[in-house]
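Visitor: I have a structure I would like to understand better, so I am pasting it below and will then ask my questions one at a time.
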Amino acid sequence: MISFELGVEDLADTRFALSPLGETVLSLRVLHDPGLCAVHLPWRRAVLGALGGLDTGLLMSLVAVRLTLPDFLTPRPTAFAPSFAEELATVRRTPPAMVRRDLLATHAPGRLPEPLRAAAEGDDAAVAGLRDTICTLLQRYWETAVEPLWPQLRLVAEADMTYRARRLAMGGARLLFADMHPILRWHDGVLHIDKMLATHRVRAAGRGLLLIPCVFAHKPAPPAGPEEPPSLMYPSRGAATLWAADPAPARSDALVPLLGAPRARLLILLAEPLATVELARRLRVTPSAVSQHLRVLYAAGLVTRARQGRQVLYRRSPLGDDLTGA
């Protein structure tokens, strides 16, 4: 179990970040084990046929039998939304000793896979060469498998951030972590992360907590070592909506003749607070089209709206709930 001790100042400094490199690296687990997260099977089927030109042996050797990954491949984001190139540049600067340590720890207690063994067990120059080869391979993999979907992945992650920020504002840390994942427990100022291979306790000591929602994460992933500041990559809500053939099936045929199909779908989606851009992504239409329908629903008293930071969130009103039979 890994635990984060978070004081009042640390909770006040709880913040979010995006990580395109983190999404890319975590997606390797889905390729490695198709049973890990069934909602991503459509993505996996589409990607497998496009990886023919890549060294998939080396790529898959980064994922251990226990589905652990080398920690140096997911550096802590230094900005809210770093680019993939910026994060990969950080990985390229990883000292060879740290690369060797993380590769060995990832596959312990077993031996390193053949694609990693010779270089990782060699001198620092060999390890540095392996690190650079992995970075080049991840760049090509990103361009093939993840970058075309990054705008949608980012919208899902940002929608999750909005939801989490609202939970934090309404009920503090207890409510923030309550539905993030079953292995997380908040008790007496300490966030406990169960079922971890490592066991240590980290005092935030004014460094805050960084939260990184990831569509391809199947469970929360803190840094492997106790020397790192508290951060947590965790499964983002709404991942299944990325691959759904029909993102908003109407549950009542009576709504469509009354409101029209677009507004009926909007009303059903708004069981939770959502921003215009996220609604547009799920319905595969433009934000301006969504805004027009939202104005009508708001004027009719079927939805409410509230500002959250730079976004306006819409949600069904009690009248809207009655109309949908919620």
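Residues in the structure tokens are numbered from 1 in each chain, the chains being A, B, ... in the order shown, and ligands are numbered from 1 in the order shown.
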Write out as a PyMOL selection string which residues come within 9 Å of Ala205 (chain A) when counting only C-alpha atoms, dropping same-chain ones fewer than 3 positions away.

Guide: chain A and resi 5-7+9-10+202+208

Visitor: What's the 9 Å shell around Phe80 (chain A), counting only C-alpha atoms, without same-chain residues fewer than 5 positions away, as number ranges by chain?

Guide: A: 15-19

Visitor: To test your reading of the structure, identify every residue in region 74-240 of chain A that backbone DSSP assigns to helix (DSSP H, G or I), and report it as a PyMOL selection string.

Guide: chain A and resi 84-92+96-107+114-120+124-178+239-240

Visitor: Select, from A:Ile212, A:Val146, A:Ala198, A:Ile183, the residue with the minimum atom-to-atom distance to Arg164 (chain A), counting only C-alpha atoms.

Guide: A:Ile212

Visitor: Show me a table, sorted first by chain and then by increasing residue number, of the residues of region 214-276 of chain A having an atom at most 8 Å from region 290-294 of chain A, each with its shortest atom pair and the distance in Å to one decimal, counting only C-alpha atoms and written as a Markdown table.

Guide:
```
| residue | atom | partner | partner_atom | distance |
| --- | --- | --- | --- | --- |
| A:Pro262 | CA | A:His293 | CA | 7.6 |
| A:Arg263 | CA | A:His293 | CA | 6.1 |
| A:Leu266 | CA | A:Leu294 | CA | 8.0 |
| A:Thr276 | CA | A:Val290 | CA | 6.5 |
```

Visitor: Could you give me, as CSV, a per-residue list for region 174-275 of chain A showing, wherever an atom lies at most 12 Å from an atom of region 312-319 of chain A, the closest pair of atoms and their distance in Å to one decimal, using only C-alpha atoms and sorting by chain then residue number from low to high?

Guide:
```
residue,atom,partner,partner_atom,distance
A:Arg263,CA,A:Arg316,CA,11.8
A:Ala264,CA,A:Arg316,CA,11.5
A:Arg265,CA,A:Arg316,CA,11.8
A:Leu266,CA,A:Arg316,CA,9.3
A:Leu267,CA,A:Arg316,CA,6.5
A:Ile268,CA,A:Arg316,CA,8.2
A:Leu269,CA,A:Arg315,CA,8.6
A:Leu270,CA,A:Arg315,CA,4.8
A:Ala271,CA,A:Arg316,CA,5.9
A:Glu272,CA,A:Arg315,CA,5.8
A:Pro273,CA,A:Arg315,CA,4.7
A:Leu274,CA,A:Leu313,CA,5.1
A:Ala275,CA,A:Leu313,CA,4.6
```

Visitor: Restricting the calculation to only C-alpha atoms: of A:Leu242, A:Asp160, A:Glu23, A:Leu323, which residue gets closest to Leu258 (chain A)?

Guide: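 Comparing A:Leu242, A:Asp160, A:Glu23, A:Leu323 against Leu258 (chain A), the winner is A:Leu323.
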
Visitor: Pick the closest to Glu147 (chain A) from A:Ile193, A:Val47, A:Ala38, A:Ala12: which is it, counting only C-alpha atoms?

Guide: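 Using only C-alpha atoms, the shortest distance to Glu147 (chain A) belongs to A:Val47.
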
Visitor: Let me make sure I understand: among A:Ala79, A:Leu58, A:Ala217, A:Leu104, which one has the smallest atom-to-atom distance to Leu36 (chain A) if we use only C-alpha atoms?

Guide: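 Of A:Ala79, A:Leu58, A:Ala217, A:Leu104, the one nearest Leu36 (chain A) is A:Ala217, counting only C-alpha atoms.
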
Visitor: Using only C-alpha atoms, determine which residues lie at most 10 Å from Val63 (chain A), disregarding the query and same-chain residues fewer than 6 positions distant; provide the list as a ChimeraX atom specification.

Guide: /A:25-26,28-29,31-33,69-70,103,106-107,113

Visitor: Go through A:Ser231, A:Thr24, A:Thr136, A:Ser61 one by one, measure the shortest atom-to-atom distance of each to Val215 (chain A) using only C-alpha atoms, and give the residue with the smallest value.

Guide: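 Checking each candidate against Val215 (chain A), we get A:Thr24 as the closest.
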
Visitor: Neighbours of Leu11 (chain A) within 12 Å (only C-alpha atoms; same-chain residues fewer than 5 positions away dropped), as JSON, numbers by chain?

Guide: {"A": [4, 5, 6, 165, 168, 169, 172, 173, 174, 176, 189, 190, 191, 204, 205, 206, 207, 208, 209, 210, 211, 230]}

Visitor: Using only C-alpha atoms, which residues sit within 12 Å of Leu48 (chain A) once same-chain residues fewer than 6 positions away are excluded, as a list in words?

Guide: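 Selected residues are Leu28, Val30, Leu31, His32, Pro34, Leu41, Pro42, Leu54, Thr56, Tyr141, Thr144 and Ala145 of chain A.
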
Visitor: Given the selection you just returned, output its residues as a file containing all heavy atoms, formatted as a short mmCIF file (atom, residue, chain, number, x, y, z; two decimals), in the first residue's frame.

Guide:
```cif
data_model
loop_
_atom_site.label_atom_id
_atom_site.label_comp_id
_atom_site.auth_asym_id
_atom_site.auth_seq_id
_atom_site.Cartn_x
_atom_site.Cartn_y
_atom_site.Cartn_z
N LEU A 28 -0.28 0.86 -23.80
CA LEU A 28 0.46 -0.36 -24.10
C LEU A 28 -0.09 -1.55 -23.31
O LEU A 28 -0.05 -2.68 -23.77
CB LEU A 28 1.95 -0.18 -23.79
CG LEU A 28 2.70 0.85 -24.63
CD1 LEU A 28 4.13 0.99 -24.13
CD2 LEU A 28 2.68 0.47 -26.11
N VAL A 30 -3.22 -2.09 -22.68
CA VAL A 30 -4.42 -2.56 -23.40
C VAL A 30 -4.01 -3.42 -24.59
O VAL A 30 -4.66 -4.43 -24.89
CB VAL A 30 -5.27 -1.36 -23.85
CG1 VAL A 30 -6.49 -1.83 -24.63
CG2 VAL A 30 -5.69 -0.52 -22.65
N LEU A 31 -2.92 -3.05 -25.27
CA LEU A 31 -2.42 -3.88 -26.37
C LEU A 31 -1.90 -5.22 -25.84
O LEU A 31 -2.10 -6.26 -26.45
CB LEU A 31 -1.30 -3.16 -27.12
CG LEU A 31 -1.69 -1.96 -27.98
CD1 LEU A 31 -0.46 -1.42 -28.70
CD2 LEU A 31 -2.75 -2.33 -29.00
N HIS A 32 -1.25 -5.17 -24.68
CA HIS A 32 -0.65 -6.37 -24.10
C HIS A 32 -1.70 -7.35 -23.61
O HIS A 32 -1.58 -8.57 -23.79
CB HIS A 32 0.27 -5.97 -22.95
CG HIS A 32 1.03 -7.10 -22.33
ND1 HIS A 32 0.50 -7.89 -21.33
CD2 HIS A 32 2.28 -7.57 -22.56
CE1 HIS A 32 1.39 -8.80 -20.98
NE2 HIS A 32 2.48 -8.61 -21.70
N PRO A 34 -5.75 -7.84 -23.83
CA PRO A 34 -7.07 -7.38 -24.31
C PRO A 34 -8.18 -7.52 -23.28
O PRO A 34 -9.21 -6.85 -23.39
CB PRO A 34 -7.33 -8.28 -25.53
CG PRO A 34 -6.46 -9.48 -25.33
CD PRO A 34 -5.24 -8.98 -24.60
N LEU A 41 -11.55 -2.31 -26.50
CA LEU A 41 -11.33 -3.32 -27.56
C LEU A 41 -11.52 -2.75 -28.97
O LEU A 41 -10.77 -3.11 -29.88
CB LEU A 41 -12.24 -4.52 -27.32
CG LEU A 41 -11.84 -5.44 -26.15
CD1 LEU A 41 -12.85 -6.57 -25.99
CD2 LEU A 41 -10.44 -6.00 -26.36
N PRO A 42 -12.50 -1.88 -29.22
CA PRO A 42 -12.60 -1.29 -30.57
C PRO A 42 -11.34 -0.52 -30.97
O PRO A 42 -10.88 -0.62 -32.12
CB PRO A 42 -13.81 -0.36 -30.47
CG PRO A 42 -14.63 -0.93 -29.36
CD PRO A 42 -13.64 -1.47 -28.37
N LEU A 54 6.34 -1.06 -36.89
CA LEU A 54 7.00 -0.76 -35.62
C LEU A 54 7.61 -2.02 -35.00
O LEU A 54 7.16 -3.14 -35.28
CB LEU A 54 5.99 -0.16 -34.63
CG LEU A 54 5.32 1.14 -35.04
CD1 LEU A 54 4.43 1.64 -33.91
CD2 LEU A 54 6.34 2.20 -35.41
N THR A 56 7.30 -4.07 -32.51
CA THR A 56 6.33 -4.38 -31.45
C THR A 56 6.94 -5.26 -30.37
O THR A 56 6.46 -5.26 -29.24
CB THR A 56 5.09 -5.06 -32.05
OG1 THR A 56 5.50 -6.18 -32.84
CG2 THR A 56 4.30 -4.09 -32.92
N TYR A 141 4.86 5.32 -32.28
CA TYR A 141 3.64 4.69 -31.76
C TYR A 141 2.58 5.75 -31.45
O TYR A 141 1.39 5.58 -31.76
CB TYR A 141 3.97 3.87 -30.52
CG TYR A 141 2.76 3.31 -29.82
CD1 TYR A 141 1.98 2.32 -30.40
CD2 TYR A 141 2.40 3.78 -28.55
CE1 TYR A 141 0.87 1.81 -29.75
CE2 TYR A 141 1.29 3.27 -27.90
CZ TYR A 141 0.52 2.29 -28.50
OH TYR A 141 -0.58 1.80 -27.86
N THR A 144 0.91 6.98 -34.57
CA THR A 144 0.05 5.98 -35.21
C THR A 144 -1.20 5.68 -34.40
O THR A 144 -2.31 5.64 -34.94
CB THR A 144 0.84 4.67 -35.41
OG1 THR A 144 1.98 4.92 -36.21
CG2 THR A 144 -0.04 3.60 -36.08
N ALA A 145 -1.04 5.50 -33.09
CA ALA A 145 -2.10 4.91 -32.28
C ALA A 145 -2.88 5.90 -31.42
O ALA A 145 -4.05 5.67 -31.12
CB ALA A 145 -1.52 3.82 -31.39
#
```
